[in-house]
Each structure stands twice: as C-alpha cells, then as structure tokens.
Amino acid sequence: MSETPTISLRGVGRDFHRARTRLTERPPVVHAVRDVTVDIAPGERFGIVGESGSGKSTLLRMICGLDRPTTGEILVEGTPIHASPPRRLGWLRQRLQLVFQDPMSSLDPRMRVGDIVAEPLVGQRIGTPAERRARVAELLERVGLSADAAKRYPHQFSGGQRQRISVARALAPNPAVLVADEPVSALDVSVRAQVLNLLDEVVDGFDLTLVFVSHDLSVVRHVCDRVAVMRQGEFVEVAPTEQLYVDAQHPYTRQLLAAVPRLDAALAGRTATELAARTLAATEEET
Ligand SMILES: Nc1ncnc2c1ncn2[C@@H]1O[C@H](COP(=O)(O)OP(=O)(O)OP(=O)(O)O)[C@@H](O)[C@H]1O
C-alpha cells in the first residue's frame, strides 16, 4: 500500500466576491485558486512559485486551515480539514507550523524571545514550565543562537537572527510540516543563504515536510525537490526542481526561468515583484 500523503489537495478552488461598483450588478468573482490537485509526500520539500496575486497566500491559508475552499478537498495526514471550522482544528496547530515573511511583524516586540519560542507549547499545554525552558534553550542553540537569547527581546536581534527565532518557535511543538511563506524575502540578500541553509538543515534534522512559497525561483531551487508554478490561481506546471530548470514545459515557467539571472542581478535594485509582473506581461504577449 502506498504511503499516505502528508498533504492532499483535490480540485481545490477558492472564490472571493469583490464589492460591486453598481447596485444593479452582480458582485464580481475573483477565482483566487482554481482546481489545484497535488499530493505532497512525507519528507518532501514542495515549492510553490508565482508572481504577486497568483493565489499562493490563499492556497497556504487553506492548507493551514485558516480559510476554507469554495470547492474541493484538503487532507492533512489523511484527515480532511476543508470542512472543519478553525476551533475543530487544534490538532493541526501542532502538526503544521508556519514561518512568515517578516519576522519583525510576526514576533511580538513586547515578549521575551524565550516566551515567543515557548508560545506554541503553552498554547497546546505541552510540558511543564521547566520542560519548556529546557526545550527553548535546546531549540535556540539548534537554530544557531545561544540559550541566553531567551532573556532578550526581538529588537535586540538582526533580521536574520529574528528569522532564526521564528524557526525555533515553529519547531517547538515538534510539527510534521513546516509551511514557509516567503521566509527570506524581507531579509538582506547577504543573510538569505544562511536562513535557507538553516531551513535545509532543520527539515532534514527534524524529519519535516516542507511547503515553501516564494515569488523567486532561484530561492526555491535552493531548498525544494519539487516545484509547482502558479499563475492566475492555477498550477500550470508541477515538476521535480532540476527537471523544471532543464526542461520547463509551460511558456510561463520558461519566462520565469529566463528572469532568474535578472532577479539575481537585480536584487539590490528593483523588487522581484516588479520583474515578475513584467515577465507575466511578456508571457501574455507570447500566448
Ligand atoms: N479576502 C479577499 N477578498 C477578495 N479578494 C481576495 C482576497 N484575498 C485574496 N484575494 C484576491 O485573490 C487573488 C490571489 O491573492 P493572493 O494573496 O492569494 O496571491 P499571492 O500569490 O499570495 O500574492 P502576494 O505574493 O502578493 O501575496 C488576488 O487577485 C487577490 O486580490
């Protein structure tokens, strides 16, 4: 019998109704995610790449149980989550943890780092206070900080170190899945590789499944085994990372790939989103 996928998406779609501009018209519908089907295996590092507005965040929110699909099914470790209200998904908070784009806004500036890292343990009533302190110290060292970082506040750390704190917090409840939403986009180019290497290490060391979202193919290449290219709510191509680089099938993927050297060269200048928008315009001209 084949292994149960860690995450299964079956025909997943999510529509939003925009506010109507005239009373007589029907509210316009945005198909933010359309008919996404994929199985993500235990231990896989799965990347989702697409330009701004392609539906990546909407899809992630549904995988994390924070939003419900309009159509389709989502299973995490074989359990359906698509129809459950958030209060029924407490177990998912332990199995699946998130690392966000901007560690400055995702870490509470008034909390000490030790309390931030222990937060998921307290929330899920895992361990005694002494056990939590020991776990926090171990995790801080595991992500390359010293145990006494626990006594300090987020503003006392650099952007890269703050993202290490976010990773430690995500690892605290011993999750099965790490969901990283643009985890290095807000960081200086000089520290991005260090944080990507850290993610790489912890995914192996903690036997995690990784879902990694980025607008930047060069970043995804660094950490993922398989990549889905998302455009206008759809997966236009899903392929092993190296295959995607040598033999992309969809014109949009080829356009994104053609932009990668420009992205690398231009990181200090224009934002990648601007470049991706220009890439999309070029693809539309081609198709
Ligand atoms: N709550 C909402 N109400 C209405 N439209 C929405 C809502 N959330 C997302 N959308 C629309 O759905 C589409 C997909 O948005 P989404 O944020 O998922 O894209 P994204 O790829 O994550 O972009 P970004 O990288 O900029 O975050 C966009 O057209 C967006 O305007």
# chains A, B, ... in the order shown; residues from 1 in each chain; ligands from 1

call {"tool": "residues_near_ligand", "arguments": {"ligand": "ligand 1", "cutoff": "10 Å", "atoms": "only C-alpha atoms and all ligand atoms", "output": "PyMOL selection string"}}
result
chain A and resi 14-19+28-33+48-61+67+181-182+213-215+230-233+273

call {"tool": "select_by_dssp", "arguments": {"residues": "range 124-207 of chain A", "states": "strand (DSSP E)", "output": "NGL selection string"}}
result
:A and (177-181)

call {"tool": "atom_distance", "arguments": {"atom1": "CA of Leu92 in chain A", "atom2": "CA of Thr6 in chain A"}}
result
11.9 Å

call {"tool": "closest_residue", "arguments": {"among": "A:Phe46, A:Phe157, A:Phe206, A:Phe100", "to": "Arg112 in chain A", "atoms": "only C-alpha atoms"}}
result
A:Phe157

call {"tool": "residues_around", "arguments": {"residues": "Gly114 in chain A", "least_positions_apart": "6", "cutoff": "7 Å", "atoms": "only C-alpha atoms", "output": "MDAnalysis selection string"}}
result
chainID A and resid 136 150:151

call {"tool": "select_by_dssp", "arguments": {"residues": "range 92-134 of chain A", "states": "alpha helix (DSSP H)", "output": "list in words"}}
result
Leu92, Arg93, Gln94, Arg95, Pro103, Met104, Ser105, Ser106, Val113, Gly114, Asp115, Ile116, Val117, Ala118, Glu119, Pro120, Leu121, Val122, Gly123, Pro129, Ala130, Glu131, Arg132, Arg133 and Ala134 of chain A

call {"tool": "write_last_selection", "arguments": {"atoms": "C-alpha atoms", "output": "short mmCIF file (atom, residue, chain, number, x, y, z; two decimals), in the first residue's frame"}}
result
data_model
loop_
_atom_site.label_atom_id
_atom_site.label_comp_id
_atom_site.auth_asym_id
_atom_site.auth_seq_id
_atom_site.Cartn_x
_atom_site.Cartn_y
_atom_site.Cartn_z
CA LEU A 92 -3.41 20.93 13.08
CA ARG A 93 -1.65 23.71 15.07
CA GLN A 94 0.72 21.07 16.44
CA ARG A 95 1.25 19.11 13.20
CA PRO A 103 10.00 38.30 11.41
CA MET A 104 9.66 41.87 12.70
CA SER A 105 5.89 41.90 12.41
CA SER A 106 5.37 38.22 13.27
CA VAL A 113 12.38 35.52 22.97
CA GLY A 114 12.02 32.62 25.43
CA ASP A 115 8.28 33.28 25.74
CA ILE A 116 7.91 33.68 21.97
CA VAL A 117 9.53 30.30 21.30
CA ALA A 118 7.54 28.66 24.11
CA GLU A 119 4.23 30.15 22.91
CA PRO A 120 3.06 27.14 20.85
CA LEU A 121 3.93 24.84 23.79
CA VAL A 122 1.94 26.95 26.22
CA GLY A 123 -0.96 27.24 23.74
CA PRO A 129 7.40 25.21 32.71
CA ALA A 130 10.82 23.65 33.40
CA GLU A 131 10.50 21.30 30.41
CA ARG A 132 9.51 24.23 28.21
CA ARG A 133 12.53 26.26 29.33
CA ALA A 134 14.81 23.33 28.51
#

call {"tool": "residues_around", "arguments": {"residues": "Val191 in chain A", "least_positions_apart": "5", "cutoff": "10 Å", "atoms": "only C-alpha atoms", "output": "ChimeraX atom specification"}}
result
/A:158-161,184,196

call {"tool": "closest_residue", "arguments": {"among": "A:Asp39, A:Glu73, A:Glu25, A:Glu44", "to": "Asp225 in chain A", "atoms": "only C-alpha atoms"}}
result
A:Glu44
